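> This is the structure I have questions about; it appears just below.
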Amino acid sequence: MDTLAKTLQGQFVAFDGPDGSGKSTQINRFVERFRTQGVTVREVREPGGTPIGEQVRTILLDPENEGMTLPCEMLLYMASRAQLVEQEITPALARGELVIADRFVSATLAYQGTAGGIRVDWIQKVAEVAVAGCWPALTIILDVDDQTAAGRLNPLLDRMELKGKAFHAKVREGFLEQASTWPERYRVIDATMSEDAVETAVLEAVKNRFLHEISAK
Ligand code: TMP
């Protein structure tokens with residue numbers, strides 16, 4: 001196991017970004033890389049990741065629930081997250097596992113906050129309740145422009161993806177704003193590059209956060 005793999009044990013890293021950013025591909029590559037080295041990796045998926053959370057996910061993504069209010073939507077995402085943190089993430093970190101989250105609070109801030117219109121500082125307060133101090137040490141934002149993202153999306157769009165171009169442009173803006181507000185715990189990667197180039201950039205960002213910053217202290 002190399003130094004980076006050792007350092008990542010017991011750490012919490014989130015991947016996030018607009019729909020169509022190639023997030024799943026990059027998470028798979030990242031997880032495989034460290035599993036091969038012998039790191040126990042716990043992948044969690046948002047919304048969902050627990051039996052209760054998966055039920056919440058079904059409600060959230062069902063096109064029949066078109067009339068769902070924005071505060072209801074935001075609180076359901078947070079409810080799913082609260083269950084995930086207590087039931088899965090905190091125990092996995094305590095066992096020294098590397099936890100990789102497919103979306104986290106960053107998604108609620110971008111989708112329901114910047115794009116949806118709920119005040120970002122209110123969402124942050126609800127998030128304090130949901131995550132109980134369990135924040136990712138690093139959030140990797142895979143950044144893509146609208147056109148590239150649209151070309152990658154499955155034609156069977158879910159309820160969130162049907163929200164349209166202007167909404168998704170704001171989602172992107174939300175992620176970038178977070179990264180400039182919290183530069184120490186966010187990194188933005190240009191996800192329009194080839195899959196191999198994005199993978200290399202993700203790895204560099206992780207090294208930079210966990211090896212260079214820690215050794216600089
Ligand atoms: P996925 O595409 O990563 O499976 O996520 C499902 C959708 O849910 C996606 O369009 C982003 C959206 N979402 C939010 O709007 N707020 C959130 O807090 C989370 C976690 C996801």
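In the structure tokens, chains take letters A, B, ... by order of appearance, with residues numbered from 1 within each chain and ligands from 1 in the order shown.
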Distance table requested - stretch 59-90 of chain A against stretch 127-143 of chain A, cut-off 12 Å, only C-alpha atoms: one row per qualifying residue with the closest atom pair and its distance in Å to one decimal, ordered by chain and rising residue number, as a Markdown table.

| residue | atom | partner | partner_atom | distance |
| --- | --- | --- | --- | --- |
| A:Met74 | CA | A:Ala127 | CA | 10.1 |
| A:Leu75 | CA | A:Ala127 | CA | 9.5 |
| A:Leu76 | CA | A:Ala130 | CA | 10.8 |
| A:Tyr77 | CA | A:Ala130 | CA | 9.7 |
| A:Met78 | CA | A:Ala130 | CA | 6.0 |
| A:Ala79 | CA | A:Ala130 | CA | 6.9 |
| A:Ser80 | CA | A:Ala130 | CA | 8.7 |
| A:Arg81 | CA | A:Ala130 | CA | 6.4 |
| A:Ala82 | CA | A:Ala130 | CA | 4.3 |
| A:Gln83 | CA | A:Ala130 | CA | 8.0 |
| A:Leu84 | CA | A:Val131 | CA | 8.9 |
| A:Val85 | CA | A:Val131 | CA | 6.1 |
| A:Glu86 | CA | A:Val131 | CA | 8.0 |
| A:Gln87 | CA | A:Val131 | CA | 11.3 |
| A:Glu88 | CA | A:Cys134 | CA | 11.4 |
| A:Ile89 | CA | A:Cys134 | CA | 8.2 |
| A:Thr90 | CA | A:Cys134 | CA | 7.2 |
> Quick one: residues within 10 Å of ligand 1, with only C-alpha atoms and all ligand atoms, as an mmCIF file with N, CA and C atoms, in the first residue's frame?

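File part-v4.cif, as written:
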data_model
loop_
_atom_site.group_PDB
_atom_site.id
_atom_site.type_symbol
_atom_site.label_atom_id
_atom_site.label_comp_id
_atom_site.auth_asym_id
_atom_site.auth_seq_id
_atom_site.Cartn_x
_atom_site.Cartn_y
_atom_site.Cartn_z
ATOM 1 N N PHE A 15 -17.738 13.133 -3.892
ATOM 2 C CA PHE A 15 -17.685 13.523 -5.312
ATOM 3 C C PHE A 15 -19.030 14.157 -5.638
ATOM 4 N N ASP A 16 -18.988 15.284 -6.332
ATOM 5 C CA ASP A 16 -20.240 15.933 -6.688
ATOM 6 C C ASP A 16 -20.066 16.692 -7.996
ATOM 7 N N GLY A 17 -21.155 17.241 -8.500
ATOM 8 C CA GLY A 17 -21.098 17.976 -9.760
ATOM 9 C C GLY A 17 -22.441 17.904 -10.456
ATOM 10 N N PRO A 18 -22.611 18.680 -11.535
ATOM 11 C CA PRO A 18 -23.879 18.668 -12.258
ATOM 12 C C PRO A 18 -24.186 17.279 -12.820
ATOM 13 N N ASP A 19 -25.466 17.028 -13.116
ATOM 14 C CA ASP A 19 -25.840 15.780 -13.794
ATOM 15 C C ASP A 19 -25.048 15.704 -15.094
ATOM 16 N N GLY A 20 -24.537 14.514 -15.430
ATOM 17 C CA GLY A 20 -23.801 14.349 -16.687
ATOM 18 C C GLY A 20 -22.332 14.744 -16.570
ATOM 19 N N SER A 21 -21.821 14.812 -15.331
ATOM 20 C CA SER A 21 -20.417 15.212 -15.156
ATOM 21 C C SER A 21 -19.460 14.021 -15.264
ATOM 22 N N GLY A 22 -20.007 12.808 -15.355
ATOM 23 C CA GLY A 22 -19.139 11.619 -15.406
ATOM 24 C C GLY A 22 -18.728 11.152 -14.019
ATOM 25 N N LYS A 23 -19.477 11.574 -13.020
ATOM 26 C CA LYS A 23 -19.176 11.286 -11.618
ATOM 27 C C LYS A 23 -19.094 9.782 -11.321
ATOM 28 N N SER A 24 -20.058 9.024 -11.805
ATOM 29 C CA SER A 24 -20.075 7.577 -11.492
ATOM 30 C C SER A 24 -18.830 6.879 -12.034
ATOM 31 N N ARG A 45 -24.183 6.286 -1.445
ATOM 32 C CA ARG A 45 -24.863 6.942 -2.549
ATOM 33 C C ARG A 45 -25.950 7.852 -2.016
ATOM 34 N N GLU A 46 -26.020 9.051 -2.595
ATOM 35 C CA GLU A 46 -27.006 10.030 -2.140
ATOM 36 C C GLU A 46 -27.936 10.454 -3.257
ATOM 37 N N PRO A 47 -29.242 10.608 -3.067
ATOM 38 C CA PRO A 47 -29.952 10.209 -1.847
ATOM 39 C C PRO A 47 -30.094 8.695 -1.808
ATOM 40 N N GLY A 48 -30.073 8.130 -0.617
ATOM 41 C CA GLY A 48 -30.185 6.676 -0.451
ATOM 42 C C GLY A 48 -29.055 6.144 0.397
ATOM 43 N N ARG A 57 -35.316 8.104 -1.484
ATOM 44 C CA ARG A 57 -34.855 8.335 -2.861
ATOM 45 C C ARG A 57 -35.980 8.094 -3.875
ATOM 46 N N LEU A 60 -38.299 10.977 -3.889
ATOM 47 C CA LEU A 60 -37.680 12.170 -4.478
ATOM 48 C C LEU A 60 -37.603 12.119 -6.004
ATOM 49 N N LEU A 61 -37.316 10.960 -6.560
ATOM 50 C CA LEU A 61 -37.068 10.886 -8.001
ATOM 51 C C LEU A 61 -38.295 10.462 -8.804
ATOM 52 N N LEU A 70 -40.395 22.788 -2.599
ATOM 53 C CA LEU A 70 -38.937 22.842 -2.496
ATOM 54 C C LEU A 70 -38.436 22.576 -1.063
ATOM 55 N N GLU A 73 -38.615 18.905 -0.509
ATOM 56 C CA GLU A 73 -37.540 18.235 -1.250
ATOM 57 C C GLU A 73 -36.209 18.350 -0.485
ATOM 58 N N MET A 74 -35.918 19.559 -0.034
ATOM 59 C CA MET A 74 -34.645 19.792 0.659
ATOM 60 C C MET A 74 -34.565 18.955 1.940
ATOM 61 N N LEU A 75 -35.673 18.938 2.687
ATOM 62 C CA LEU A 75 -35.677 18.208 3.958
ATOM 63 C C LEU A 75 -35.614 16.692 3.738
ATOM 64 N N LEU A 76 -36.183 16.216 2.642
ATOM 65 C CA LEU A 76 -36.093 14.778 2.347
ATOM 66 C C LEU A 76 -34.647 14.379 2.023
ATOM 67 N N TYR A 77 -33.967 15.217 1.244
ATOM 68 C CA TYR A 77 -32.545 14.934 0.981
ATOM 69 C C TYR A 77 -31.766 14.891 2.294
ATOM 70 N N MET A 78 -32.051 15.840 3.163
ATOM 71 C CA MET A 78 -31.326 15.895 4.433
ATOM 72 C C MET A 78 -31.692 14.719 5.333
ATOM 73 N N ALA A 79 -32.963 14.298 5.275
ATOM 74 C CA ALA A 79 -33.408 13.166 6.104
ATOM 75 C C ALA A 79 -32.655 11.901 5.680
ATOM 76 N N SER A 80 -32.569 11.690 4.373
ATOM 77 C CA SER A 80 -31.845 10.537 3.854
ATOM 78 C C SER A 80 -30.378 10.595 4.310
ATOM 79 N N ARG A 81 -29.836 11.782 4.270
ATOM 80 C CA ARG A 81 -28.422 11.995 4.638
ATOM 81 C C ARG A 81 -28.183 11.744 6.127
ATOM 82 N N ALA A 101 -18.374 9.306 -0.872
ATOM 83 C CA ALA A 101 -19.793 9.636 -1.038
ATOM 84 C C ALA A 101 -20.065 10.138 -2.448
ATOM 85 N N ASP A 102 -21.093 9.550 -3.056
ATOM 86 C CA ASP A 102 -21.580 10.011 -4.353
ATOM 87 C C ASP A 102 -22.644 11.063 -4.033
ATOM 88 N N ARG A 103 -22.246 12.301 -4.009
ATOM 89 C CA ARG A 103 -23.022 13.487 -3.592
ATOM 90 C C ARG A 103 -23.123 13.575 -2.066
ATOM 91 N N PHE A 104 -23.234 14.842 -1.589
ATOM 92 C CA PHE A 104 -23.398 15.084 -0.148
ATOM 93 C C PHE A 104 -24.055 16.453 0.025
ATOM 94 N N VAL A 105 -23.797 17.142 1.125
ATOM 95 C CA VAL A 105 -24.426 18.449 1.383
ATOM 96 C C VAL A 105 -24.208 19.406 0.202
ATOM 97 N N SER A 106 -23.051 19.294 -0.435
ATOM 98 C CA SER A 106 -22.739 20.132 -1.599
ATOM 99 C C SER A 106 -23.854 20.086 -2.642
ATOM 100 N N ALA A 107 -24.484 18.910 -2.829
ATOM 101 C CA ALA A 107 -25.557 18.780 -3.827
ATOM 102 C C ALA A 107 -26.790 19.562 -3.396
ATOM 103 N N THR A 108 -27.139 19.494 -2.121
ATOM 104 C CA THR A 108 -28.326 20.231 -1.646
ATOM 105 C C THR A 108 -28.087 21.732 -1.754
ATOM 106 N N LEU A 109 -26.866 22.154 -1.421
ATOM 107 C CA LEU A 109 -26.551 23.584 -1.522
ATOM 108 C C LEU A 109 -26.684 24.068 -2.966
ATOM 109 N N ALA A 110 -26.235 23.229 -3.931
ATOM 110 C CA ALA A 110 -26.288 23.634 -5.342
ATOM 111 C C ALA A 110 -27.695 23.504 -5.926
ATOM 112 N N TYR A 111 -28.343 22.351 -5.716
ATOM 113 C CA TYR A 111 -29.635 22.089 -6.376
ATOM 114 C C TYR A 111 -30.793 22.816 -5.697
ATOM 115 N N GLN A 112 -30.934 22.639 -4.376
ATOM 116 C CA GLN A 112 -32.078 23.273 -3.702
ATOM 117 C C GLN A 112 -31.747 24.704 -3.269
ATOM 118 N N GLY A 113 -30.450 24.988 -3.109
ATOM 119 C CA GLY A 113 -30.027 26.321 -2.685
ATOM 120 C C GLY A 113 -29.840 27.253 -3.875
ATOM 121 N N ALA A 115 -29.648 26.867 -7.115
ATOM 122 C CA ALA A 115 -30.564 26.722 -8.254
ATOM 123 C C ALA A 115 -32.029 26.814 -7.822
ATOM 124 N N GLY A 116 -32.358 26.184 -6.704
ATOM 125 C CA GLY A 116 -33.761 26.132 -6.292
ATOM 126 C C GLY A 116 -34.254 27.423 -5.657
ATOM 127 N N LEU A 153 -26.107 12.534 -20.757
ATOM 128 C CA LEU A 153 -27.240 12.074 -19.950
ATOM 129 C C LEU A 153 -28.034 10.977 -20.649
ATOM 130 N N LEU A 157 -34.834 10.637 -18.685
ATOM 131 C CA LEU A 157 -34.479 11.593 -17.644
ATOM 132 C C LEU A 157 -35.340 11.400 -16.396
ATOM 133 N N ASP A 158 -34.723 11.561 -15.212
ATOM 134 C CA ASP A 158 -35.516 11.484 -13.989
ATOM 135 C C ASP A 158 -36.052 12.879 -13.638
ATOM 136 N N ARG A 159 -36.797 12.936 -12.519
ATOM 137 C CA ARG A 159 -37.477 14.178 -12.154
ATOM 138 C C ARG A 159 -36.519 15.373 -12.013
ATOM 139 N N MET A 160 -35.324 15.127 -11.467
ATOM 140 C CA MET A 160 -34.372 16.229 -11.280
ATOM 141 C C MET A 160 -33.802 16.701 -12.619
ATOM 142 N N GLU A 161 -33.519 15.728 -13.499
ATOM 143 C CA GLU A 161 -32.863 16.078 -14.759
ATOM 144 C C GLU A 161 -33.809 16.798 -15.717
ATOM 145 N N LEU A 162 -35.116 16.680 -15.459
ATOM 146 C CA LEU A 162 -36.101 17.325 -16.331
ATOM 147 C C LEU A 162 -36.256 18.822 -16.069
ATOM 148 N N LYS A 163 -35.511 19.344 -15.112
ATOM 149 C CA LYS A 163 -35.721 20.734 -14.703
ATOM 150 C C LYS A 163 -35.229 21.792 -15.692
ATOM 151 N N HIS A 168 -29.964 23.985 -14.527
ATOM 152 C CA HIS A 168 -28.676 23.281 -14.449
ATOM 153 C C HIS A 168 -27.476 24.220 -14.537
ATOM 154 N N VAL A 171 -27.105 25.290 -11.057
ATOM 155 C CA VAL A 171 -26.519 24.209 -10.251
ATOM 156 C C VAL A 171 -24.994 24.279 -10.361
#
> Quote the spacing between atom CA of A:Met1 and atom CA of A:Ser194 in Å to one decimal place.
27.1 Å
> What does the structure give for the distance between atom CA of A:Thr3 and atom CA of A:Phe210, in Å to one decimal?
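For atom CA of A:Thr3 relative to atom CA of A:Phe210, the distance reads 10.0 Å.
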> I'd like the interatomic distance between atom CA of A:Thr114 and atom CA of A:Gly174, to a tenth of an Å.
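One can read the atom CA of A:Thr114 to atom CA of A:Gly174 distance as 5.1 Å.
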> Could you write out, as a list of chain:residue names, all the residues of stretch 26-87 of chain A that DSSP marks as strand (DSSP E)?
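Assigned to strand (DSSP E), within stretch 26-87 of chain A: A:Val41, A:Arg42, A:Glu43, A:Val44, A:Arg45.
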> Near stretch 32-38 of chain A, counting only C-alpha atoms, which residues have an atom at most 10 Å away, once you skip same-chain residues fewer than 4 positions from it, shown as a PyMOL selection string?
chain A and resi 1-2+4-6+8-9+26-28+42+98+203
